[in-house]
file upload_6.cif (mmCIF, N, CA and C atoms)
data_query
loop_
_atom_site.label_atom_id
_atom_site.label_comp_id
_atom_site.auth_asym_id
_atom_site.auth_seq_id
_atom_site.Cartn_x
_atom_site.Cartn_y
_atom_site.Cartn_z
N ARG X 1 125.38 100.95 100.30
CA ARG X 1 125.73 102.34 100.36
C ARG X 1 126.05 102.76 101.80
N TRP X 2 125.28 102.27 102.76
CA TRP X 2 125.51 102.65 104.15
C TRP X 2 126.65 101.87 104.77
N ASN X 3 126.85 100.63 104.32
CA ASN X 3 127.89 99.79 104.88
C ASN X 3 128.56 99.02 103.73
N PRO X 4 129.47 99.67 103.01
CA PRO X 4 130.08 99.03 101.84
C PRO X 4 130.82 97.74 102.17
N GLU X 5 131.44 97.67 103.35
CA GLU X 5 132.17 96.45 103.73
C GLU X 5 131.22 95.27 103.81
N LEU X 6 130.07 95.46 104.43
CA LEU X 6 129.08 94.39 104.54
C LEU X 6 128.51 94.05 103.16
N PHE X 7 128.25 95.04 102.35
CA PHE X 7 127.69 94.82 101.02
C PHE X 7 128.62 93.94 100.17
N LYS X 8 129.92 94.12 100.30
CA LYS X 8 130.89 93.34 99.53
C LYS X 8 130.88 91.86 99.92
N GLN X 9 130.44 91.54 101.15
CA GLN X 9 130.43 90.16 101.63
C GLN X 9 129.25 89.36 101.09
N ILE X 10 128.23 90.03 100.60
CA ILE X 10 127.02 89.35 100.12
C ILE X 10 127.27 88.83 98.71
N SER X 11 126.97 87.56 98.50
CA SER X 11 127.24 86.97 97.19
C SER X 11 126.02 86.22 96.65
N ILE X 12 124.82 86.72 96.88
CA ILE X 12 123.62 86.07 96.37
C ILE X 12 123.18 86.79 95.09
N GLY X 13 122.74 86.05 94.14
CA GLY X 13 122.33 86.63 92.87
C GLY X 13 120.81 86.65 92.73
N MET X 14 120.14 87.25 93.65
CA MET X 14 118.67 87.30 93.60
C MET X 14 118.24 88.51 92.77
N PRO X 15 117.35 88.29 91.80
CA PRO X 15 116.89 89.41 90.96
C PRO X 15 116.15 90.46 91.81
N ALA X 16 116.23 91.70 91.37
CA ALA X 16 115.59 92.80 92.10
C ALA X 16 114.08 92.63 92.16
N TRP X 17 113.46 92.11 91.09
CA TRP X 17 112.00 91.94 91.10
C TRP X 17 111.57 90.92 92.14
N LEU X 18 112.40 89.90 92.36
CA LEU X 18 112.08 88.89 93.36
C LEU X 18 112.23 89.46 94.78
N GLN X 19 113.25 90.28 94.97
CA GLN X 19 113.44 90.94 96.27
C GLN X 19 112.24 91.83 96.60
N ARG X 20 111.84 92.64 95.63
CA ARG X 20 110.70 93.54 95.84
C ARG X 20 109.40 92.76 96.04
N GLY X 21 109.23 91.70 95.28
CA GLY X 21 108.04 90.86 95.43
C GLY X 21 107.97 90.22 96.81
N ALA X 22 109.11 89.73 97.27
CA ALA X 22 109.15 89.12 98.60
C ALA X 22 108.87 90.16 99.68
N ALA X 23 109.40 91.37 99.50
CA ALA X 23 109.14 92.44 100.46
C ALA X 23 107.66 92.80 100.49
N LEU X 24 107.04 92.91 99.32
CA LEU X 24 105.60 93.22 99.27
C LEU X 24 104.76 92.11 99.88
N LEU X 25 105.10 90.87 99.58
CA LEU X 25 104.39 89.74 100.16
C LEU X 25 104.50 89.77 101.69
N SER X 26 105.68 90.08 102.18
CA SER X 26 105.89 90.16 103.62
C SER X 26 105.05 91.26 104.25
N VAL X 27 105.05 92.44 103.63
CA VAL X 27 104.27 93.57 104.16
C VAL X 27 102.78 93.23 104.17
N PHE X 28 102.27 92.67 103.07
CA PHE X 28 100.85 92.32 103.01
C PHE X 28 100.50 91.22 104.01
N SER X 29 101.40 90.25 104.19
CA SER X 29 101.15 89.18 105.15
C SER X 29 101.11 89.71 106.57
N MET X 30 102.05 90.58 106.90
CA MET X 30 102.04 91.16 108.25
C MET X 30 100.80 92.01 108.47
N GLY X 31 100.39 92.74 107.45
CA GLY X 31 99.16 93.53 107.54
C GLY X 31 97.95 92.65 107.77
N ALA X 32 97.88 91.54 107.05
CA ALA X 32 96.76 90.61 107.22
C ALA X 32 96.75 90.01 108.62
N LEU X 33 97.93 89.67 109.14
CA LEU X 33 98.01 89.15 110.50
C LEU X 33 97.54 90.17 111.53
N ILE X 34 97.89 91.42 111.32
CA ILE X 34 97.45 92.48 112.23
C ILE X 34 95.93 92.62 112.17
N VAL X 35 95.37 92.60 110.98
CA VAL X 35 93.91 92.70 110.83
C VAL X 35 93.22 91.54 111.54
N VAL X 36 93.71 90.33 111.35
CA VAL X 36 93.13 89.16 112.01
C VAL X 36 93.20 89.31 113.53
N GLN X 37 94.35 89.76 114.04
CA GLN X 37 94.52 89.91 115.48
C GLN X 37 93.57 90.97 116.04
N VAL X 38 93.44 92.09 115.36
CA VAL X 38 92.56 93.17 115.82
C VAL X 38 91.10 92.71 115.80
N VAL X 39 90.70 92.00 114.76
CA VAL X 39 89.32 91.49 114.68
C VAL X 39 89.05 90.54 115.85
N GLN X 40 89.98 89.64 116.13
CA GLN X 40 89.82 88.73 117.26
C GLN X 40 89.77 89.50 118.58
N ASP X 41 90.62 90.51 118.71
CA ASP X 41 90.62 91.31 119.94
C ASP X 41 89.30 92.04 120.14
N ILE X 42 88.73 92.57 119.06
CA ILE X 42 87.45 93.26 119.16
C ILE X 42 86.36 92.27 119.62
N GLY X 43 86.40 91.06 119.11
CA GLY X 43 85.46 90.03 119.57
C GLY X 43 85.62 89.74 121.05
N THR X 44 86.85 89.66 121.51
CA THR X 44 87.13 89.42 122.94
C THR X 44 86.66 90.59 123.77
N LEU X 45 86.90 91.81 123.30
CA LEU X 45 86.47 93.00 124.04
C LEU X 45 84.96 93.05 124.19
N LYS X 46 84.24 92.55 123.19
CA LYS X 46 82.77 92.56 123.23
C LYS X 46 82.21 91.50 124.17
N THR X 47 82.92 90.39 124.34
CA THR X 47 82.36 89.26 125.08
C THR X 47 82.89 89.10 126.49
N HIS X 48 84.02 89.72 126.83
CA HIS X 48 84.61 89.55 128.15
C HIS X 48 84.85 90.92 128.78
N SER X 49 84.59 91.02 130.07
CA SER X 49 84.82 92.28 130.77
C SER X 49 86.31 92.47 131.04
N LEU X 50 86.67 93.71 131.34
CA LEU X 50 88.07 94.02 131.64
C LEU X 50 88.53 93.26 132.88
N SER X 51 87.71 93.24 133.92
CA SER X 51 88.12 92.53 135.14
C SER X 51 88.29 91.04 134.88
N GLU X 52 87.45 90.47 134.02
CA GLU X 52 87.58 89.05 133.67
C GLU X 52 88.88 88.80 132.92
N ARG X 53 89.21 89.68 131.98
CA ARG X 53 90.46 89.52 131.23
C ARG X 53 91.69 89.70 132.11
N ILE X 54 91.61 90.63 133.06
CA ILE X 54 92.75 90.83 133.98
C ILE X 54 92.90 89.62 134.89
N THR X 55 91.77 89.11 135.42
CA THR X 55 91.81 87.94 136.30
C THR X 55 92.40 86.73 135.59
N ASN X 56 92.06 86.56 134.34
CA ASN X 56 92.55 85.41 133.57
C ASN X 56 93.89 85.67 132.90
N HIS X 57 94.48 86.83 133.14
CA HIS X 57 95.76 87.19 132.52
C HIS X 57 95.68 87.07 131.00
N SER X 58 94.61 87.60 130.42
CA SER X 58 94.43 87.47 128.98
C SER X 58 94.01 88.81 128.35
N LEU X 59 94.82 89.82 128.59
CA LEU X 59 94.55 91.10 127.94
C LEU X 59 94.77 90.97 126.44
N THR X 60 94.05 91.74 125.69
CA THR X 60 94.17 91.67 124.23
C THR X 60 95.41 92.44 123.78
N SER X 61 95.80 92.18 122.55
CA SER X 61 96.94 92.90 121.97
C SER X 61 96.67 94.39 121.90
N VAL X 62 95.42 94.75 121.59
CA VAL X 62 95.05 96.17 121.50
C VAL X 62 95.26 96.84 122.86
N GLU X 63 94.83 96.19 123.92
CA GLU X 63 95.01 96.76 125.27
C GLU X 63 96.48 96.89 125.62
N LEU X 64 97.25 95.86 125.31
CA LEU X 64 98.68 95.91 125.61
C LEU X 64 99.39 97.01 124.84
N VAL X 65 99.01 97.20 123.58
CA VAL X 65 99.60 98.28 122.77
C VAL X 65 99.27 99.63 123.40
N LEU X 66 98.01 99.81 123.82
CA LEU X 66 97.62 101.08 124.43
C LEU X 66 98.35 101.33 125.74
N VAL X 67 98.50 100.30 126.56
CA VAL X 67 99.21 100.46 127.84
C VAL X 67 100.68 100.83 127.59
N TRP X 68 101.34 100.11 126.69
CA TRP X 68 102.75 100.40 126.43
C TRP X 68 102.93 101.74 125.73
N ALA X 69 101.97 102.13 124.91
CA ALA X 69 102.04 103.47 124.31
C ALA X 69 101.93 104.54 125.38
N ALA X 70 101.06 104.33 126.38
CA ALA X 70 100.93 105.28 127.48
C ALA X 70 102.21 105.34 128.31
N VAL X 71 102.81 104.19 128.56
CA VAL X 71 104.08 104.15 129.30
C VAL X 71 105.16 104.89 128.52
N GLY X 72 105.24 104.64 127.23
CA GLY X 72 106.23 105.33 126.39
C GLY X 72 106.00 106.83 126.36
N ALA X 73 104.74 107.25 126.26
CA ALA X 73 104.43 108.68 126.24
C ALA X 73 104.79 109.33 127.58
N ALA X 74 104.53 108.63 128.69
CA ALA X 74 104.88 109.17 130.01
C ALA X 74 106.39 109.30 130.15
N LEU X 75 107.14 108.30 129.69
CA LEU X 75 108.60 108.38 129.76
C LEU X 75 109.13 109.51 128.88
N TYR X 76 108.54 109.66 127.71
CA TYR X 76 108.95 110.75 126.81
C TYR X 76 108.67 112.10 127.44
N ALA X 77 107.48 112.26 128.03
CA ALA X 77 107.12 113.53 128.68
C ALA X 77 108.05 113.81 129.84
N TYR X 78 108.38 112.79 130.61
CA TYR X 78 109.31 112.97 131.73
C TYR X 78 110.70 113.39 131.24
N ALA X 79 111.18 112.76 130.19
CA ALA X 79 112.49 113.11 129.64
C ALA X 79 112.50 114.54 129.13
N ARG X 80 111.42 114.96 128.47
CA ARG X 80 111.33 116.35 127.99
C ARG X 80 111.32 117.33 129.16
N LEU X 81 110.61 116.97 130.22
CA LEU X 81 110.55 117.82 131.41
C LEU X 81 111.92 117.97 132.05
N VAL X 82 112.63 116.86 132.18
CA VAL X 82 113.98 116.89 132.75
C VAL X 82 114.91 117.69 131.86
N GLN X 83 114.78 117.56 130.55
CA GLN X 83 115.64 118.29 129.62
C GLN X 83 115.37 119.79 129.70
N LYS X 84 114.13 120.20 129.89
CA LYS X 84 113.81 121.63 130.00
C LYS X 84 114.36 122.24 131.28
N GLN X 85 114.47 121.45 132.32
CA GLN X 85 114.96 121.95 133.60
C GLN X 85 116.47 122.18 133.57
N ARG X 86 117.15 121.64 132.62
CA ARG X 86 118.61 121.80 132.55
C ARG X 86 119.00 123.10 131.95
#
call {"tool": "encode", "arguments": {"input": "upload_6.cif", "output": "structure tokens"}}
result
Amino acid sequence: RWNPELFKQISIGMPAWLQRGAALLSVFSMGALIVVQVVQDIGTLKTHSLSERITNHSLTSVELVLVWAAVGAALYAYARLVQKQR
């Protein structure tokens, strides 16, 4: 619907139930991977200090997500500030 030219080029006969099943399996698998990663990160946070993790260059995924979220929020706030000044 969004790109009819591209849609016409596809010639696979996969049933809709299989497509939906594969999508659900993918979503659940990614969710499980995230849960496993967060559980491991919580274990690391409990056993290693921040300075130790920084020294060893082994920050957890949770810490990296928080840092990049803060960077993104700061850039967004800066862009809004610049836009208001115009």
call {"tool": "atom_distance", "arguments": {"input": "upload_6.cif", "atom1": "CA of Gly72 (chain X)", "atom2": "CA of Thr47 (chain X)"}}
result
28.8 Å
call {"tool": "select_by_dssp", "arguments": {"input": "upload_6.cif", "residues": "region 9-54 of chain X", "states": "helix (DSSP H, G or I)", "output": "JSON, numbers by chain"}}
result
{"X": [9, 16, 17, 18, 19, 20, 21, 22, 23, 24, 25, 26, 27, 28, 29, 30, 31, 32, 33, 34, 35, 36, 37, 38, 39, 40, 41, 42, 43, 44, 45, 46, 47, 50, 51, 52, 53, 54]}
call {"tool": "axis_aligned_box", "arguments": {"input": "upload_6.cif", "around": "region 10-22 of chain X", "padding_each_side": "4 Å", "output": "JSON"}}
result
{"center_x": 118.1, "center_y": 89.8, "center_z": 95.8, "size_x": 28.3, "size_y": 15.5, "size_z": 17.6}
call {"tool": "atom_distance", "arguments": {"input": "upload_6.cif", "atom1": "atom C of Val62 (chain X)", "atom2": "atom N of Phe28 (chain X)"}}
result
21.4 Å
call {"tool": "resolve_selection", "arguments": {"input": "upload_6.cif", "expression": "the PyMOL selection byres ((chain X and resi 53-61) around 8)", "output": "ChimeraX atom specification"}}
result
/X:37-38,40-42,44-45,48-52,62-67
call {"tool": "write_last_selection", "arguments": {"input": "upload_6.cif", "atoms": "N, CA and C atoms", "output": "PDB file, in the coordinates of the input"}}
result
ATOM      1  N   GLN X  37      94.350  89.760 114.040  1.00  0.00           N
ATOM      2  CA  GLN X  37      94.520  89.910 115.480  1.00  0.00           C
ATOM      3  C   GLN X  37      93.570  90.970 116.040  1.00  0.00           C
ATOM      4  N   VAL X  38      93.440  92.090 115.360  1.00  0.00           N
ATOM      5  CA  VAL X  38      92.560  93.170 115.820  1.00  0.00           C
ATOM      6  C   VAL X  38      91.100  92.710 115.800  1.00  0.00           C
ATOM      7  N   GLN X  40      89.980  89.640 116.130  1.00  0.00           N
ATOM      8  CA  GLN X  40      89.820  88.730 117.260  1.00  0.00           C
ATOM      9  C   GLN X  40      89.770  89.500 118.580  1.00  0.00           C
ATOM     10  N   ASP X  41      90.620  90.510 118.710  1.00  0.00           N
ATOM     11  CA  ASP X  41      90.620  91.310 119.940  1.00  0.00           C
ATOM     12  C   ASP X  41      89.300  92.040 120.140  1.00  0.00           C
ATOM     13  N   ILE X  42      88.730  92.570 119.060  1.00  0.00           N
ATOM     14  CA  ILE X  42      87.450  93.260 119.160  1.00  0.00           C
ATOM     15  C   ILE X  42      86.360  92.270 119.620  1.00  0.00           C
ATOM     16  N   THR X  44      86.850  89.660 121.510  1.00  0.00           N
ATOM     17  CA  THR X  44      87.130  89.420 122.940  1.00  0.00           C
ATOM     18  C   THR X  44      86.660  90.590 123.770  1.00  0.00           C
ATOM     19  N   LEU X  45      86.900  91.810 123.300  1.00  0.00           N
ATOM     20  CA  LEU X  45      86.470  93.000 124.040  1.00  0.00           C
ATOM     21  C   LEU X  45      84.960  93.050 124.190  1.00  0.00           C
ATOM     22  N   HIS X  48      84.020  89.720 126.830  1.00  0.00           N
ATOM     23  CA  HIS X  48      84.610  89.550 128.150  1.00  0.00           C
ATOM     24  C   HIS X  48      84.850  90.920 128.780  1.00  0.00           C
ATOM     25  N   SER X  49      84.590  91.020 130.070  1.00  0.00           N
ATOM     26  CA  SER X  49      84.820  92.280 130.770  1.00  0.00           C
ATOM     27  C   SER X  49      86.310  92.470 131.040  1.00  0.00           C
ATOM     28  N   LEU X  50      86.670  93.710 131.340  1.00  0.00           N
ATOM     29  CA  LEU X  50      88.070  94.020 131.640  1.00  0.00           C
ATOM     30  C   LEU X  50      88.530  93.260 132.880  1.00  0.00           C
ATOM     31  N   SER X  51      87.710  93.240 133.920  1.00  0.00           N
ATOM     32  CA  SER X  51      88.120  92.530 135.140  1.00  0.00           C
ATOM     33  C   SER X  51      88.290  91.040 134.880  1.00  0.00           C
ATOM     34  N   GLU X  52      87.450  90.470 134.020  1.00  0.00           N
ATOM     35  CA  GLU X  52      87.580  89.050 133.670  1.00  0.00           C
ATOM     36  C   GLU X  52      88.880  88.800 132.920  1.00  0.00           C
ATOM     37  N   VAL X  62      95.420  94.750 121.590  1.00  0.00           N
ATOM     38  CA  VAL X  62      95.050  96.170 121.500  1.00  0.00           C
ATOM     39  C   VAL X  62      95.260  96.840 122.860  1.00  0.00           C
ATOM     40  N   GLU X  63      94.830  96.190 123.920  1.00  0.00           N
ATOM     41  CA  GLU X  63      95.010  96.760 125.270  1.00  0.00           C
ATOM     42  C   GLU X  63      96.480  96.890 125.620  1.00  0.00           C
ATOM     43  N   LEU X  64      97.250  95.860 125.310  1.00  0.00           N
ATOM     44  CA  LEU X  64      98.680  95.910 125.610  1.00  0.00           C
ATOM     45  C   LEU X  64      99.390  97.010 124.840  1.00  0.00           C
ATOM     46  N   VAL X  65      99.010  97.200 123.580  1.00  0.00           N
ATOM     47  CA  VAL X  65      99.600  98.280 122.770  1.00  0.00           C
ATOM     48  C   VAL X  65      99.270  99.630 123.400  1.00  0.00           C
ATOM     49  N   LEU X  66      98.010  99.810 123.820  1.00  0.00           N
ATOM     50  CA  LEU X  66      97.620 101.080 124.430  1.00  0.00           C
ATOM     51  C   LEU X  66      98.350 101.330 125.740  1.00  0.00           C
ATOM     52  N   VAL X  67      98.500 100.300 126.560  1.00  0.00           N
ATOM     53  CA  VAL X  67      99.210 100.460 127.840  1.00  0.00           C
ATOM     54  C   VAL X  67     100.680 100.830 127.590  1.00  0.00           C
TER      55      VAL X  67
END
call {"tool": "atom_distance", "arguments": {"input": "upload_6.cif", "atom1": "CA of Gln19 (chain X)", "atom2": "CA of Arg1 (chain X)"}}
result
17.3 Å
